[in-house]
file start_33.pdb (PDB, C-alpha atoms)
ATOM      1  CA  LYS A   1      -1.803  -0.804  -9.349
ATOM      2  CA  ILE A   2      -1.513  -1.806  -5.678
ATOM      3  CA  VAL A   3       1.508  -3.918  -4.719
ATOM      4  CA  GLN A   4       2.336  -5.634  -1.428
ATOM      5  CA  VAL A   5       6.010  -6.417  -0.745
ATOM      6  CA  MET A   6       7.018  -8.918   1.928
ATOM      7  CA  LEU A   7      10.139  -7.093   3.107
ATOM      8  CA  GLU A   8      13.453  -8.842   3.646
ATOM      9  CA  GLU A   9      14.911  -8.268   7.120
ATOM     10  CA  GLU A  10      17.506  -5.744   5.907
ATOM     11  CA  TYR A  11      14.678  -3.631   4.432
ATOM     12  CA  SER A  12      12.374  -3.869   7.450
ATOM     13  CA  MET A  13      12.292  -0.063   7.737
ATOM     14  CA  GLY A  14      10.729   0.112   4.283
ATOM     15  CA  ILE A  15      11.824   1.447   0.922
ATOM     16  CA  ASP A  16      13.632   4.818   0.789
ATOM     17  CA  TRP A  17      11.214   6.622  -1.535
ATOM     18  CA  ASP A  18      12.965   9.962  -1.033
ATOM     19  CA  ALA A  19      15.911   8.530  -2.975
ATOM     20  CA  ILE A  20      13.745   7.149  -5.794
ATOM     21  CA  VAL A  21      10.952   9.570  -6.697
ATOM     22  CA  SER A  22      10.880  13.206  -7.810
ATOM     23  CA  ASP A  23       9.026  15.946  -5.912
ATOM     24  CA  TYR A  24       9.087  13.785  -2.776
ATOM     25  CA  GLN A  25       6.604  14.707  -0.049
ATOM     26  CA  SER A  26       5.514  13.015   3.159
ATOM     27  CA  ILE A  27       2.315  13.173   5.199
ATOM     28  CA  PRO A  28       1.885  12.170   8.870
ATOM     29  CA  PHE A  29      -0.283   9.043   8.795
ATOM     30  CA  ASN A  30      -0.332   5.888  10.932
ATOM     31  CA  GLY A  31      -1.910   3.630   8.363
ATOM     32  CA  PHE A  32      -3.228   0.429   9.944
ATOM     33  CA  ALA A  33      -1.582   1.238  13.310
ATOM     34  CA  ARG A  34      -3.128   3.355  16.034
ATOM     35  CA  PRO A  35      -1.491   6.701  16.910
ATOM     36  CA  SER A  36       1.166   6.473  19.627
ATOM     37  CA  GLY A  37       0.490   9.973  20.921
ATOM     38  CA  ASN A  38       4.019  10.989  20.016
ATOM     39  CA  GLU A  39       4.072  12.728  16.634
ATOM     40  CA  GLU A  40       7.782  11.976  16.156
ATOM     41  CA  GLU A  41       7.152   8.235  16.531
ATOM     42  CA  ASP A  42       4.027   8.055  14.374
ATOM     43  CA  GLY A  43       4.157   6.906  10.766
ATOM     44  CA  ARG A  44       4.342   8.840   7.529
ATOM     45  CA  ILE A  45       3.174   8.219   3.993
ATOM     46  CA  GLY A  46       5.709   9.108   1.293
ATOM     47  CA  LEU A  47       4.775  10.073  -2.248
ATOM     48  CA  GLY A  48       6.265  11.480  -5.425
ATOM     49  CA  THR A  49       6.481  10.881  -9.162
ATOM     50  CA  ILE A  50       8.608   8.833 -11.505
ATOM     51  CA  SER A  51       8.592   8.469 -15.286
ATOM     52  CA  THR A  52       6.297   5.682 -16.441
ATOM     53  CA  GLU A  53       9.264   4.013 -18.180
ATOM     54  CA  ASP A  54      11.318   4.009 -14.969
ATOM     55  CA  CYS A  55       8.253   2.796 -13.063
ATOM     56  CA  ASN A  56       8.245  -0.454 -15.047
ATOM     57  CA  ILE A  57      11.905  -0.969 -14.123
ATOM     58  CA  LEU A  58      11.122  -0.206 -10.477
ATOM     59  CA  LEU A  59       8.335  -2.792 -10.385
ATOM     60  CA  ASP A  60      10.855  -5.474 -11.384
ATOM     61  CA  ALA A  61      13.454  -4.117  -8.927
ATOM     62  CA  LEU A  62      11.062  -4.546  -5.986
ATOM     63  CA  GLU A  63      12.000  -8.244  -6.019
ATOM     64  CA  THR A  64      15.389  -7.227  -4.596
ATOM     65  CA  VAL A  65      13.837  -5.971  -1.341
ATOM     66  CA  GLY A  66      11.294  -8.751  -0.843
ATOM     67  CA  THR A  67       8.629 -10.928  -2.385
ATOM     68  CA  LYS A  68       6.185  -8.954  -4.519
ATOM     69  CA  ARG A  69       2.439  -9.571  -4.678
ATOM     70  CA  ILE A  70      -0.043  -7.702  -6.897
ATOM     71  CA  ILE A  71      -3.132  -6.781  -4.862
ATOM     72  CA  GLU A  72      -4.989  -4.889  -7.573
ATOM     73  CA  ASN A  73      -4.301  -3.953 -11.184
ATOM     74  CA  SER A  74      -7.241  -2.060 -12.610
ATOM     75  CA  LEU A  75      -8.265   0.956 -14.680
ATOM     76  CA  ARG A  76     -10.383   3.524 -12.856
ATOM     77  CA  GLU A  77     -12.312   6.471 -14.231
ATOM     78  CA  SER A  78     -12.092   9.774 -12.386
ATOM     79  CA  LYS A  79     -13.267  13.256 -13.344
ATOM     80  CA  LEU A  80     -11.332  16.477 -12.974
ATOM     81  CA  ASN A  81     -12.233  18.562  -9.913
ATOM     82  CA  LYS A  82     -14.164  15.647  -8.392
ATOM     83  CA  GLU A  83     -12.824  13.601  -5.506
ATOM     84  CA  SER A  84     -12.444   9.846  -5.908
ATOM     85  CA  THR A  85     -11.318   7.223  -3.397
ATOM     86  CA  ILE A  86      -9.035   4.203  -3.555
ATOM     87  CA  THR A  87      -9.696   1.714  -0.749
ATOM     88  CA  ILE A  88      -7.184  -0.800   0.601
ATOM     89  CA  ASN A  89      -8.942  -3.366   2.764
ATOM     90  CA  GLU A  90      -6.719  -5.199   5.253
ATOM     91  CA  ASN A  91      -8.319  -8.509   4.231
ATOM     92  CA  GLN A  92      -6.671  -8.025   0.821
ATOM     93  CA  LEU A  93      -3.282  -8.162   2.542
ATOM     94  CA  LEU A  94      -3.738 -11.414   4.483
ATOM     95  CA  LEU A  95      -2.067 -14.242   2.570
ATOM     96  CA  GLY A  96      -4.308 -16.837   4.192
ATOM     97  CA  GLY A  97      -7.494 -15.140   2.966
ATOM     98  CA  LYS A  98     -10.229 -13.588   5.069
ATOM     99  CA  ARG A  99     -10.475 -14.069   8.814
ATOM    100  CA  GLY A 100     -12.729 -16.734  10.213
ATOM    101  CA  ASP A 101     -14.643 -14.439  12.564
ATOM    102  CA  THR A 102     -18.324 -13.867  12.027
ATOM    103  CA  TYR A 103     -19.458 -10.725  10.215
ATOM    104  CA  GLU A 104     -20.559  -8.998  13.437
ATOM    105  CA  GLU A 105     -17.268  -9.719  15.280
ATOM    106  CA  ILE A 106     -14.793  -8.472  12.684
ATOM    107  CA  GLU A 107     -13.152  -5.111  13.255
ATOM    108  CA  LEU A 108     -11.882  -4.393   9.783
ATOM    109  CA  LYS A 109      -9.521  -1.556   8.917
ATOM    110  CA  GLU A 110      -9.727   0.157   5.551
ATOM    111  CA  ILE A 111      -7.232   2.677   4.225
ATOM    112  CA  LYS A 112      -8.879   5.408   2.162
ATOM    113  CA  TYR A 113      -6.781   7.361  -0.329
ATOM    114  CA  SER A 114      -8.747  10.417  -1.506
ATOM    115  CA  LEU A 115      -7.655  11.871  -4.839
ATOM    116  CA  LEU A 116      -8.706  15.206  -6.300
ATOM    117  CA  PRO A 117      -7.280  15.841  -9.806
ATOM    118  CA  ARG A 118      -7.254  19.293 -11.340
ATOM    119  CA  ILE A 119      -5.670  21.135 -14.263
ATOM    120  CA  SER A 120      -3.709  24.369 -13.870
ATOM    121  CA  ALA A 121      -1.611  26.447 -16.255
ATOM    122  CA  LYS A 122       1.368  24.251 -15.313
ATOM    123  CA  GLY A 123      -0.416  20.966 -15.896
ATOM    124  CA  LEU A 124      -2.040  18.185 -13.857
ATOM    125  CA  PHE A 125      -2.080  18.331 -10.064
ATOM    126  CA  ILE A 126      -3.543  15.749  -7.676
ATOM    127  CA  THR A 127      -4.484  16.532  -4.082
ATOM    128  CA  PHE A 128      -3.787  13.368  -2.093
ATOM    129  CA  LYS A 129      -5.261  12.727   1.348
ATOM    130  CA  PRO A 130      -4.955   9.447   3.302
ATOM    131  CA  GLY A 131      -7.488   8.282   5.901
ATOM    132  CA  LEU A 132      -8.550   5.269   7.957
ATOM    133  CA  ASP A 133     -11.998   3.731   8.472
ATOM    134  CA  ILE A 134     -12.712   1.008  11.022
ATOM    135  CA  VAL A 135     -15.652  -1.179  10.037
ATOM    136  CA  LYS A 136     -17.449  -3.512  12.439
ATOM    137  CA  GLY A 137     -20.609  -5.112  11.082
ATOM    138  CA  ASP A 138     -22.661  -2.274   9.603
ATOM    139  CA  THR A 139     -20.923   0.417  11.694
ATOM    140  CA  VAL A 140     -18.171   2.577  10.220
ATOM    141  CA  SER A 141     -15.896   4.656  12.463
ATOM    142  CA  ILE A 142     -13.974   7.343  10.600
ATOM    143  CA  LYS A 143     -10.540   8.070  12.053
ATOM    144  CA  ASP A 144      -8.112  10.907  11.284
ATOM    145  CA  ARG A 145     -10.881  13.422  10.611
ATOM    146  CA  GLU A 146      -8.335  16.247  10.603
ATOM    147  CA  ARG A 147      -6.306  14.591   7.910
ATOM    148  CA  LYS A 148      -3.387  16.309   6.229
ATOM    149  CA  SER A 149      -3.036  16.357   2.447
ATOM    150  CA  ALA A 150      -0.403  16.981  -0.208
ATOM    151  CA  ASP A 151      -0.608  18.568  -3.657
ATOM    152  CA  ILE A 152       1.556  16.791  -6.178
ATOM    153  CA  PHE A 153       2.367  17.904  -9.723
ATOM    154  CA  VAL A 154       2.209  15.059 -12.245
ATOM    155  CA  PRO A 155       4.307  15.638 -15.402
ATOM    156  CA  GLU A 156       3.226  13.992 -18.653
ATOM    157  CA  GLU A 157       3.984  10.270 -18.932
ATOM    158  CA  SER A 158       4.613  10.014 -15.194
ATOM    159  CA  THR A 159       3.391   7.729 -12.426
ATOM    160  CA  VAL A 160       2.547   8.772  -8.882
ATOM    161  CA  ILE A 161       3.967   6.439  -6.232
ATOM    162  CA  VAL A 162       2.604   6.293  -2.681
ATOM    163  CA  GLY A 163       4.641   4.197  -0.231
ATOM    164  CA  GLY A 164       5.236   3.939   3.495
ATOM    165  CA  LEU A 165       2.030   2.047   4.302
ATOM    166  CA  PHE A 166       2.989  -0.953   6.448
ATOM    167  CA  LYS A 167       1.048  -4.037   7.499
ATOM    168  CA  SER A 168       2.401  -6.986   9.516
ATOM    169  CA  ILE A 169       0.880 -10.360   8.644
ATOM    170  CA  MET A 170       1.223 -13.926   9.896
ATOM    171  CA  MET A 171       2.919 -16.302   7.463
ATOM    172  CA  ASP A 172       3.257 -20.077   7.593
ATOM    173  CA  THR A 173       6.847 -21.341   7.778
ATOM    174  CA  ILE A 174       8.487 -24.736   7.319
ATOM    175  CA  ASN A 175      11.853 -25.555   8.926
ATOM    176  CA  LYS A 176      13.670 -28.661   7.836
ATOM    177  CA  VAL A 177      17.045 -30.371   8.073
ATOM    178  CA  PRO A 178      18.859 -30.045   4.725
ATOM    179  CA  PHE A 179      18.367 -33.110   2.503
ATOM    180  CA  LEU A 180      16.779 -35.219   5.264
ATOM    181  CA  GLY A 181      13.776 -32.938   5.549
ATOM    182  CA  SER A 182      13.074 -33.375   1.827
ATOM    183  CA  LEU A 183      12.915 -37.158   1.919
ATOM    184  CA  PRO A 184       9.475 -38.670   1.221
ATOM    185  CA  PHE A 185       7.786 -40.199   4.276
ATOM    186  CA  LEU A 186      10.910 -40.208   6.499
ATOM    187  CA  GLY A 187      11.378 -36.460   5.963
ATOM    188  CA  ILE A 188       8.426 -35.695   8.237
ATOM    189  CA  ALA A 189      10.626 -36.443  11.244
ATOM    190  CA  PHE A 190      13.160 -33.861  10.115
ATOM    191  CA  ARG A 191      10.907 -30.867   9.484
ATOM    192  CA  SER A 192       8.515 -28.704  11.457
ATOM    193  CA  SER A 193       5.972 -26.022  10.652
ATOM    194  CA  GLY A 194       5.126 -22.779  12.420
ATOM    195  CA  GLN A 195       4.195 -19.165  11.893
ATOM    196  CA  MET A 196       6.103 -15.897  11.819
ATOM    197  CA  LEU A 197       5.146 -12.227  11.787
ATOM    198  CA  GLN A 198       6.127 -10.704   8.455
ATOM    199  CA  LYS A 199       6.341  -6.949   7.840
ATOM    200  CA  THR A 200       5.021  -5.828   4.460
ATOM    201  CA  GLU A 201       4.881  -2.507   2.631
ATOM    202  CA  VAL A 202       1.879  -1.645   0.497
ATOM    203  CA  ILE A 203       2.575   0.616  -2.496
ATOM    204  CA  LEU A 204       0.179   2.452  -4.793
ATOM    205  CA  PHE A 205       1.180   3.132  -8.412
ATOM    206  CA  LEU A 206      -1.088   5.649 -10.108
ATOM    207  CA  THR A 207      -0.625   6.578 -13.784
ATOM    208  CA  PRO A 208      -3.090   9.326 -14.840
ATOM    209  CA  MET A 209      -4.291   9.381 -18.450
ATOM    210  CA  LEU A 210      -6.271  12.410 -19.602
ATOM    211  CA  THR A 211      -8.906  12.058 -22.286
ATOM    212  CA  GLU A 212      -8.888  14.545 -25.159
ATOM    213  CA  ASN A 213     -11.773  16.587 -23.721
ATOM    214  CA  GLU A 214     -10.162  16.780 -20.262
ATOM    215  CA  ALA A 215      -6.828  17.830 -21.738
ATOM    216  CA  LYS A 216      -8.534  20.810 -23.375
TER     217      LYS A 216
END

call {"tool": "encode", "arguments": {"input": "start_33.pdb", "output": "structure tokens"}}
result
Amino acid sequence: KIVQVMLEEEYSMGIDWDAIVSDYQSIPFNGFARPSGNEEEDGRIGLGTISTEDCNILLDALETVGTKRIIENSLRESKLNKESTITINENQLLLGGKRGDTYEEIELKEIKYSLLPRISAKGLFITFKPGLDIVKGDTVSIKDRERKSADIFVPEESTVIVGGLFKSIMMDTINKVPFLGSLPFLGIAFRSSGQMLQKTEVILFLTPMLTENEAK
């Protein structure tokens, strides 16, 4: 499941995943932004695990930090010891739909989450590695070639959470005088429309399910 949260102003720094998940880890990664050149100022992806039961509670609790929007909710098949990729396309995060530019003009950013599941004596581990592709027409530029990764242990009946990916989007706004702005016809004179830049956090929820053969 991929969820986008339009953050309230008091949560503009994002959700404190260190306080929520177990086995918290973070990886230097700028996401949709370009590197600043200062490692201390660049972004980080945070990840860890939570029980699947608590995850359902957390999904409801996200409404307390902002407006929640489900980007994707799908079942994917992946094999042990084989890398798979989850792609988050920035067009998925624009509330107004795709940009109006022509195909050749668009510089589109895609976040690539590479996942490599494996079984050890302790149980299931997933090697997680984030990356960024920039697509323009038929040309793909791969950024962050020297990407850092994290190995995360996934207990049974647990969900992996990956947060800390931010994307600012333009949102339409309507300002109106209380009561007068809601009047039919005459209310037009008492309201105005505009746009504002809204910071959002994009969160990945990953719940692995082993088949009987894989578990053996």

call {"tool": "resolve_selection", "arguments": {"input": "start_33.pdb", "expression": "the PyMOL selection byres ((chain A and resi 54) around 12)", "output": "mmCIF file with C-alpha atoms, in the frame of the given file"}}
result
data_model
loop_
_atom_site.group_PDB
_atom_site.id
_atom_site.type_symbol
_atom_site.label_atom_id
_atom_site.label_comp_id
_atom_site.auth_asym_id
_atom_site.auth_seq_id
_atom_site.Cartn_x
_atom_site.Cartn_y
_atom_site.Cartn_z
ATOM 1 C CA ILE A 20 13.745 7.149 -5.794
ATOM 2 C CA VAL A 21 10.952 9.570 -6.697
ATOM 3 C CA SER A 22 10.880 13.206 -7.810
ATOM 4 C CA THR A 49 6.481 10.881 -9.162
ATOM 5 C CA ILE A 50 8.608 8.833 -11.505
ATOM 6 C CA SER A 51 8.592 8.469 -15.286
ATOM 7 C CA THR A 52 6.297 5.682 -16.441
ATOM 8 C CA GLU A 53 9.264 4.013 -18.180
ATOM 9 C CA CYS A 55 8.253 2.796 -13.063
ATOM 10 C CA ASN A 56 8.245 -0.454 -15.047
ATOM 11 C CA ILE A 57 11.905 -0.969 -14.123
ATOM 12 C CA LEU A 58 11.122 -0.206 -10.477
ATOM 13 C CA LEU A 59 8.335 -2.792 -10.385
ATOM 14 C CA ASP A 60 10.855 -5.474 -11.384
ATOM 15 C CA ALA A 61 13.454 -4.117 -8.927
ATOM 16 C CA GLU A 157 3.984 10.270 -18.932
ATOM 17 C CA SER A 158 4.613 10.014 -15.194
ATOM 18 C CA THR A 159 3.391 7.729 -12.426
ATOM 19 C CA VAL A 160 2.547 8.772 -8.882
ATOM 20 C CA ILE A 161 3.967 6.439 -6.232
#

call {"tool": "closest_residue", "arguments": {"input": "start_33.pdb", "among": "A:Met209, A:Ile70, A:Ala33, A:Leu62", "to": "Glu156 (chain A)", "atoms": "only C-alpha atoms"}}
result
A:Met209

call {"tool": "residues_near_point", "arguments": {"input": "start_33.pdb", "point": "(5.0, 7.7, -4.5)", "cutoff": "12 Å", "atoms": "only C-alpha atoms", "output": "PyMOL selection string"}}
result
chain A and resi 1-2+15-27+45-51+55+58+128+150+152-154+158-165+202-207

call {"tool": "write_last_selection", "arguments": {"input": "start_33.pdb", "atoms": "C-alpha atoms", "output": "PDB file, in the coordinates of the input"}}
result
ATOM      1  CA  LYS A   1      -1.803  -0.804  -9.349  1.00  0.00           C
ATOM      2  CA  ILE A   2      -1.513  -1.806  -5.678  1.00  0.00           C
ATOM      3  CA  ILE A  15      11.824   1.447   0.922  1.00  0.00           C
ATOM      4  CA  ASP A  16      13.632   4.818   0.789  1.00  0.00           C
ATOM      5  CA  TRP A  17      11.214   6.622  -1.535  1.00  0.00           C
ATOM      6  CA  ASP A  18      12.965   9.962  -1.033  1.00  0.00           C
ATOM      7  CA  ALA A  19      15.911   8.530  -2.975  1.00  0.00           C
ATOM      8  CA  ILE A  20      13.745   7.149  -5.794  1.00  0.00           C
ATOM      9  CA  VAL A  21      10.952   9.570  -6.697  1.00  0.00           C
ATOM     10  CA  SER A  22      10.880  13.206  -7.810  1.00  0.00           C
ATOM     11  CA  ASP A  23       9.026  15.946  -5.912  1.00  0.00           C
ATOM     12  CA  TYR A  24       9.087  13.785  -2.776  1.00  0.00           C
ATOM     13  CA  GLN A  25       6.604  14.707  -0.049  1.00  0.00           C
ATOM     14  CA  SER A  26       5.514  13.015   3.159  1.00  0.00           C
ATOM     15  CA  ILE A  27       2.315  13.173   5.199  1.00  0.00           C
ATOM     16  CA  ILE A  45       3.174   8.219   3.993  1.00  0.00           C
ATOM     17  CA  GLY A  46       5.709   9.108   1.293  1.00  0.00           C
ATOM     18  CA  LEU A  47       4.775  10.073  -2.248  1.00  0.00           C
ATOM     19  CA  GLY A  48       6.265  11.480  -5.425  1.00  0.00           C
ATOM     20  CA  THR A  49       6.481  10.881  -9.162  1.00  0.00           C
ATOM     21  CA  ILE A  50       8.608   8.833 -11.505  1.00  0.00           C
ATOM     22  CA  SER A  51       8.592   8.469 -15.286  1.00  0.00           C
ATOM     23  CA  CYS A  55       8.253   2.796 -13.063  1.00  0.00           C
ATOM     24  CA  LEU A  58      11.122  -0.206 -10.477  1.00  0.00           C
ATOM     25  CA  PHE A 128      -3.787  13.368  -2.093  1.00  0.00           C
ATOM     26  CA  ALA A 150      -0.403  16.981  -0.208  1.00  0.00           C
ATOM     27  CA  ILE A 152       1.556  16.791  -6.178  1.00  0.00           C
ATOM     28  CA  PHE A 153       2.367  17.904  -9.723  1.00  0.00           C
ATOM     29  CA  VAL A 154       2.209  15.059 -12.245  1.00  0.00           C
ATOM     30  CA  SER A 158       4.613  10.014 -15.194  1.00  0.00           C
ATOM     31  CA  THR A 159       3.391   7.729 -12.426  1.00  0.00           C
ATOM     32  CA  VAL A 160       2.547   8.772  -8.882  1.00  0.00           C
ATOM     33  CA  ILE A 161       3.967   6.439  -6.232  1.00  0.00           C
ATOM     34  CA  VAL A 162       2.604   6.293  -2.681  1.00  0.00           C
ATOM     35  CA  GLY A 163       4.641   4.197  -0.231  1.00  0.00           C
ATOM     36  CA  GLY A 164       5.236   3.939   3.495  1.00  0.00           C
ATOM     37  CA  LEU A 165       2.030   2.047   4.302  1.00  0.00           C
ATOM     38  CA  VAL A 202       1.879  -1.645   0.497  1.00  0.00           C
ATOM     39  CA  ILE A 203       2.575   0.616  -2.496  1.00  0.00           C
ATOM     40  CA  LEU A 204       0.179   2.452  -4.793  1.00  0.00           C
ATOM     41  CA  PHE A 205       1.180   3.132  -8.412  1.00  0.00           C
ATOM     42  CA  LEU A 206      -1.088   5.649 -10.108  1.00  0.00           C
ATOM     43  CA  THR A 207      -0.625   6.578 -13.784  1.00  0.00           C
TER      44      THR A 207
END

call {"tool": "residues_around", "arguments": {"input": "start_33.pdb", "residues": "Ser168 (chain A)", "least_positions_apart": "3", "cutoff": "9 Å", "atoms": "only C-alpha atoms", "output": "PyMOL selection string"}}
result
chain A and resi 197-201

call {"tool": "atom_distance", "arguments": {"input": "start_33.pdb", "atom1": "CA of Val3 (chain A)", "atom2": "CA of Arg76 (chain A)"}}
result
16.2 Å

call {"tool": "atom_distance", "arguments": {"input": "start_33.pdb", "atom1": "CA of Ser12 (chain A)", "atom2": "CA of Lys129 (chain A)"}}
result
25.0 Å

call {"tool": "resolve_selection", "arguments": {"input": "start_33.pdb", "expression": "the PyMOL selection byres ((chain A and resi 84) around 6)", "output": "PyMOL selection string"}}
result
chain A and resi 83+85+114-115

call {"tool": "build_atoms", "arguments": {"input": "start_33.pdb", "residues": "region 54-71 of chain A", "atoms": "N, CA, C and O atoms", "output": "short mmCIF file (atom, residue, chain, number, x, y, z; two decimals), in the frame of the given file"}}
result
data_model
loop_
_atom_site.label_atom_id
_atom_site.label_comp_id
_atom_site.auth_asym_id
_atom_site.auth_seq_id
_atom_site.Cartn_x
_atom_site.Cartn_y
_atom_site.Cartn_z
N ASP A 54 10.54 4.42 -16.14
CA ASP A 54 11.32 4.01 -14.97
C ASP A 54 10.46 3.22 -13.98
O ASP A 54 10.97 2.38 -13.23
N CYS A 55 9.15 3.50 -13.97
CA CYS A 55 8.25 2.80 -13.06
C CYS A 55 8.23 1.30 -13.38
O CYS A 55 8.21 0.47 -12.47
N ASN A 56 8.24 0.96 -14.66
CA ASN A 56 8.24 -0.45 -15.05
C ASN A 56 9.52 -1.15 -14.57
O ASN A 56 9.50 -2.30 -14.15
N ILE A 57 10.64 -0.42 -14.63
CA ILE A 57 11.90 -0.97 -14.12
C ILE A 57 11.83 -1.14 -12.61
O ILE A 57 12.29 -2.15 -12.06
N LEU A 58 11.24 -0.15 -11.93
CA LEU A 58 11.12 -0.21 -10.48
C LEU A 58 10.28 -1.40 -10.03
O LEU A 58 10.60 -2.07 -9.05
N LEU A 59 9.20 -1.67 -10.74
CA LEU A 59 8.34 -2.79 -10.38
C LEU A 59 9.12 -4.10 -10.38
O LEU A 59 8.92 -4.95 -9.51
N ASP A 60 10.02 -4.26 -11.35
CA ASP A 60 10.86 -5.47 -11.38
C ASP A 60 11.88 -5.44 -10.25
O ASP A 60 12.18 -6.46 -9.62
N ALA A 61 12.41 -4.24 -9.95
CA ALA A 61 13.45 -4.12 -8.93
C ALA A 61 12.93 -4.37 -7.52
O ALA A 61 13.72 -4.65 -6.60
N LEU A 62 11.63 -4.29 -7.32
CA LEU A 62 11.06 -4.55 -5.99
C LEU A 62 11.39 -5.95 -5.49
O LEU A 62 11.42 -6.21 -4.29
N GLU A 63 11.65 -6.87 -6.41
CA GLU A 63 12.00 -8.24 -6.02
C GLU A 63 13.32 -8.29 -5.24
O GLU A 63 13.58 -9.28 -4.56
N THR A 64 14.11 -7.23 -5.32
CA THR A 64 15.39 -7.23 -4.60
C THR A 64 15.22 -6.88 -3.13
O THR A 64 16.15 -7.07 -2.34
N VAL A 65 14.06 -6.33 -2.75
CA VAL A 65 13.84 -5.97 -1.34
C VAL A 65 12.86 -6.92 -0.65
O VAL A 65 12.68 -6.86 0.56
N GLY A 66 12.24 -7.80 -1.43
CA GLY A 66 11.29 -8.75 -0.84
C GLY A 66 10.45 -9.41 -1.91
O GLY A 66 10.65 -9.19 -3.11
N THR A 67 9.53 -10.23 -1.47
CA THR A 67 8.63 -10.93 -2.38
C THR A 67 7.46 -10.02 -2.74
O THR A 67 6.80 -9.49 -1.85
N LYS A 68 7.20 -9.88 -4.03
CA LYS A 68 6.18 -8.95 -4.52
C LYS A 68 4.87 -9.68 -4.78
O LYS A 68 4.85 -10.79 -5.27
N ARG A 69 3.77 -9.01 -4.45
CA ARG A 69 2.44 -9.57 -4.68
C ARG A 69 1.51 -8.47 -5.18
O ARG A 69 1.39 -7.41 -4.56
N ILE A 70 0.88 -8.68 -6.33
CA ILE A 70 -0.04 -7.70 -6.90
C ILE A 70 -1.40 -7.84 -6.21
O ILE A 70 -2.03 -8.90 -6.28
N ILE A 71 -1.84 -6.78 -5.54
CA ILE A 71 -3.13 -6.78 -4.86
C ILE A 71 -4.25 -6.38 -5.81
O ILE A 71 -5.34 -6.94 -5.81
#
